Amino acid sequence: MTKIIVVAIVLLLVAGGAAVALRMRAGRDTSATLPVTAKAPGRVAIVYYSQSKVRNTALIAQWIKKHMGGDLIEIEAVEPYPEPYTLTLAAAEKERRSGQKRQIKPVPSLAAYDTVFLGSPIWYGSYAFPVEQFLKSNPLAGKIVVPFSTHGGGGAPRYERDVRAACPGAKVLAGFTARGSNQVERRLKVGVTVHHTEDDVVRWLNGLFGK
């Protein structure tokens with residue numbers, strides 16, 4: 001009987017914790033409130049790589065699609081990087097030292113697109129290795145390229161510069177970056193006090209393409 005009572009109490013505590021978590025998420029609306037005045041030129045592709053289970057970069061990609069339309073194209077490694085993130089870092093460091101980066105799956109042709117948003121988590125101050133592999137095999141000359149990224153606190157010091165260098169003949173616009181952990185912390189109302197929201201993405205897009 002005592003064991004049954006203990007199990008019942010644990011279940012109630014778990015259920016109560018889940019309810020609190022749901023209320024915390026529901027109590028903080030991160031939807032855009034700003035009007036969208038932007039319209040990207042021509043046909044739009046949102047190409048991105050998102051590594052972690054939290055999928056911060058994917059969230060930014062989805063916000064861009066919501067307001068700009070276009071097609072989402074995910075870059076995927078043939079051999080996915082391991083989880084948890086500490087193992088990802090170890091695998092990436094091994095590749096960085098050897099110069100042997102893992103291959104990515106083929107992506108649809110971008111020939112018909114005019115504007116390409118390019119998203120990546122930040123590794124070593126710049127784009128993740130799968131994005132590097134993408135850029136090697138998918139020239140973007142003649143297109144408008146718009147970089148966006150997420151990071152763990154170190155910023156994106158070389159990402160935009162490296163995208164420009166990897167895209168000769170393209171028009172590379174000013175990028176957007178967000179601290180990736182904010183996407184989780186914001187929903188739970190904990191952690192850092194400066195949060196990037198969907199409104200920040202709208203503000204950035206309006207600055208690039210607004211009328």
# chains A, B, ... in the order shown; residues from 1 in each chain; ligands from 1

$ residues_around --residues "Val44 in chain A" --least-positions-apart "2" --cutoff "10 Å" --atoms "only C-alpha atoms" --output "list in words"
Lys39, Ala40, Pro41, Gly42, Ile46, Val47, Lys65, Met68, Gly69, Gly70, Asp71, Leu72, Leu110, Ala112, Tyr113, Asp114, Thr115, Val116, Phe117 and Ile144 of chain A

$ closest_residue --among "A:Trp204, A:Phe176, A:Phe148, A:Trp63" --to "Tyr48 in chain A" --atoms "only C-alpha atoms"
A:Phe148

$ closest_residue --among "A:Glu74, A:Arg97, A:Ser137, A:Cys167" --to "Leu59 in chain A" --atoms "only C-alpha atoms"
A:Glu74

$ atom_distance --atom1 "CA of Arg179 in chain A" --atom2 "CA of Ser149 in chain A"
8.6 Å

$ select_by_dssp --residues "range 58-210 of chain A" --states "strand (DSSP E or B)" --output "PyMOL selection string"
chain A and resi 71-74+77+104+115-123+126-127+144-151+171-172+176-179+210

$ residues_around --residues "Val107 in chain A" --least-positions-apart "4" --cutoff "12 Å" --atoms "only C-alpha atoms" --output "VMD selection string"
chain A and resid 45 to 49 72 to 78 103 111 130 to 131 133 to 135 137 to 138

$ write_last_selection --atoms "C-alpha atoms" --output "short mmCIF file (atom, residue, chain, number, x, y, z; two decimals), in the first residue's frame"
data_model
loop_
_atom_site.label_atom_id
_atom_site.label_comp_id
_atom_site.auth_asym_id
_atom_site.auth_seq_id
_atom_site.Cartn_x
_atom_site.Cartn_y
_atom_site.Cartn_z
CA ALA A 45 14.40 29.35 -51.19
CA ILE A 46 15.23 29.02 -47.48
CA VAL A 47 18.19 26.65 -47.29
CA TYR A 48 19.35 25.70 -43.81
CA TYR A 49 21.20 23.21 -41.67
CA LEU A 72 12.25 25.22 -47.20
CA ILE A 73 15.28 23.12 -48.18
CA GLU A 74 17.08 21.35 -45.35
CA ILE A 75 20.74 20.41 -45.63
CA GLU A 76 21.34 16.99 -44.10
CA ALA A 77 24.56 15.07 -43.51
CA VAL A 78 24.65 11.58 -45.01
CA GLN A 103 29.19 14.47 -47.11
CA ALA A 111 18.62 27.29 -60.61
CA PRO A 130 27.44 20.74 -43.81
CA VAL A 131 26.78 24.31 -45.00
CA GLN A 133 29.83 21.33 -48.16
CA PHE A 134 26.62 22.75 -49.60
CA LEU A 135 28.36 25.92 -50.78
CA SER A 137 28.69 22.06 -54.68
CA ASN A 138 25.94 24.67 -55.15
#

$ closest_residue --among "A:Glu95, A:Thr177, A:Pro168, A:Leu89" --to "Asn56 in chain A" --atoms "only C-alpha atoms"
A:Thr177

$ closest_residue --among "A:Ala32, A:Thr37, A:Pro147, A:Gly119" --to "Asp199 in chain A" --atoms "only C-alpha atoms"
A:Ala32

$ select_by_dssp --residues "range 20-97 of chain A" --states "alpha helix (DSSP H)" --output "count of residues only"
33

$ residues_around --residues "Leu34 in chain A" --least-positions-apart "5" --cutoff "12 Å" --atoms "only C-alpha atoms" --output "CSV table (one decimal) with N, CA and C atoms, in the first residue's frame"
chain,number,residue,atom,x,y,z
A,67,HIS,N,6.8,34.6,-43.4
A,67,HIS,CA,6.7,36.0,-43.8
A,67,HIS,C,7.1,36.2,-45.2
A,197,THR,N,13.1,37.4,-30.9
A,197,THR,CA,11.8,36.9,-31.1
A,197,THR,C,11.4,36.9,-32.6
A,198,GLU,N,10.3,36.5,-32.9
A,198,GLU,CA,9.8,36.5,-34.3
A,198,GLU,C,9.8,38.0,-34.8
A,199,ASP,N,9.4,38.9,-33.9
A,199,ASP,CA,9.4,40.3,-34.3
A,199,ASP,C,10.8,40.8,-34.7
A,200,ASP,N,11.9,40.3,-34.1
A,200,ASP,CA,13.2,40.6,-34.6
A,200,ASP,C,13.5,40.2,-36.0
A,201,VAL,N,13.0,39.0,-36.3
A,201,VAL,CA,13.1,38.5,-37.7
A,201,VAL,C,12.3,39.4,-38.7
A,202,VAL,N,11.1,39.8,-38.3
A,202,VAL,CA,10.3,40.6,-39.1
A,202,VAL,C,11.0,42.0,-39.3
A,203,ARG,N,11.5,42.5,-38.2
A,203,ARG,CA,12.2,43.8,-38.3
A,203,ARG,C,13.4,43.7,-39.3
A,204,TRP,N,14.1,42.7,-39.2
A,204,TRP,CA,15.3,42.4,-40.1
A,204,TRP,C,14.8,42.3,-41.5
A,205,LEU,N,13.8,41.5,-41.8
A,205,LEU,CA,13.3,41.4,-43.2
A,205,LEU,C,12.8,42.7,-43.7
A,206,ASN,N,12.0,43.5,-42.9
A,206,ASN,CA,11.5,44.7,-43.3
A,206,ASN,C,12.7,45.7,-43.7

$ decode --residues "range 80-117 of chain A" --atoms "C-alpha atoms" --output "PDB file, in the first residue's frame"
ATOM      1  CA  PRO A  80      24.234  12.540 -39.033  1.00  0.00           C
ATOM      2  CA  TYR A  81      26.333  14.065 -36.302  1.00  0.00           C
ATOM      3  CA  PRO A  82      25.939  12.284 -32.960  1.00  0.00           C
ATOM      4  CA  GLU A  83      23.951  13.511 -30.003  1.00  0.00           C
ATOM      5  CA  PRO A  84      24.383  14.917 -27.404  1.00  0.00           C
ATOM      6  CA  TYR A  85      26.004  18.154 -28.480  1.00  0.00           C
ATOM      7  CA  THR A  86      29.291  17.318 -26.745  1.00  0.00           C
ATOM      8  CA  LEU A  87      29.687  14.407 -29.167  1.00  0.00           C
ATOM      9  CA  THR A  88      28.863  16.720 -32.079  1.00  0.00           C
ATOM     10  CA  LEU A  89      31.678  19.003 -30.966  1.00  0.00           C
ATOM     11  CA  ALA A  90      34.110  16.094 -30.724  1.00  0.00           C
ATOM     12  CA  ALA A  91      33.176  14.861 -34.210  1.00  0.00           C
ATOM     13  CA  ALA A  92      33.438  18.358 -35.679  1.00  0.00           C
ATOM     14  CA  GLU A  93      36.849  18.905 -34.090  1.00  0.00           C
ATOM     15  CA  LYS A  94      38.087  15.631 -35.563  1.00  0.00           C
ATOM     16  CA  GLU A  95      36.898  16.713 -39.014  1.00  0.00           C
ATOM     17  CA  ARG A  96      38.416  20.164 -38.622  1.00  0.00           C
ATOM     18  CA  ARG A  97      41.806  18.695 -37.806  1.00  0.00           C
ATOM     19  CA  SER A  98      41.744  16.105 -40.592  1.00  0.00           C
ATOM     20  CA  GLY A  99      40.093  18.309 -43.207  1.00  0.00           C
ATOM     21  CA  GLN A 100      37.786  15.400 -44.094  1.00  0.00           C
ATOM     22  CA  LYS A 101      34.239  16.751 -43.772  1.00  0.00           C
ATOM     23  CA  ARG A 102      31.280  14.371 -43.968  1.00  0.00           C
ATOM     24  CA  GLN A 103      29.191  14.470 -47.110  1.00  0.00           C
ATOM     25  CA  ILE A 104      25.682  15.884 -47.357  1.00  0.00           C
ATOM     26  CA  LYS A 105      22.606  14.518 -49.084  1.00  0.00           C
ATOM     27  CA  PRO A 106      21.775  16.019 -52.506  1.00  0.00           C
ATOM     28  CA  VAL A 107      19.492  19.054 -52.429  1.00  0.00           C
ATOM     29  CA  PRO A 108      17.072  20.225 -55.133  1.00  0.00           C
ATOM     30  CA  SER A 109      18.471  22.468 -57.855  1.00  0.00           C
ATOM     31  CA  LEU A 110      18.458  26.152 -56.990  1.00  0.00           C
ATOM     32  CA  ALA A 111      18.616  27.293 -60.611  1.00  0.00           C
ATOM     33  CA  ALA A 112      15.038  28.612 -60.598  1.00  0.00           C
ATOM     34  CA  TYR A 113      15.409  30.643 -57.379  1.00  0.00           C
ATOM     35  CA  ASP A 114      16.258  34.341 -57.235  1.00  0.00           C
ATOM     36  CA  THR A 115      16.647  34.858 -53.475  1.00  0.00           C
ATOM     37  CA  VAL A 116      18.329  32.265 -51.259  1.00  0.00           C
ATOM     38  CA  PHE A 117      18.231  32.579 -47.478  1.00  0.00           C
TER      39      PHE A 117
END
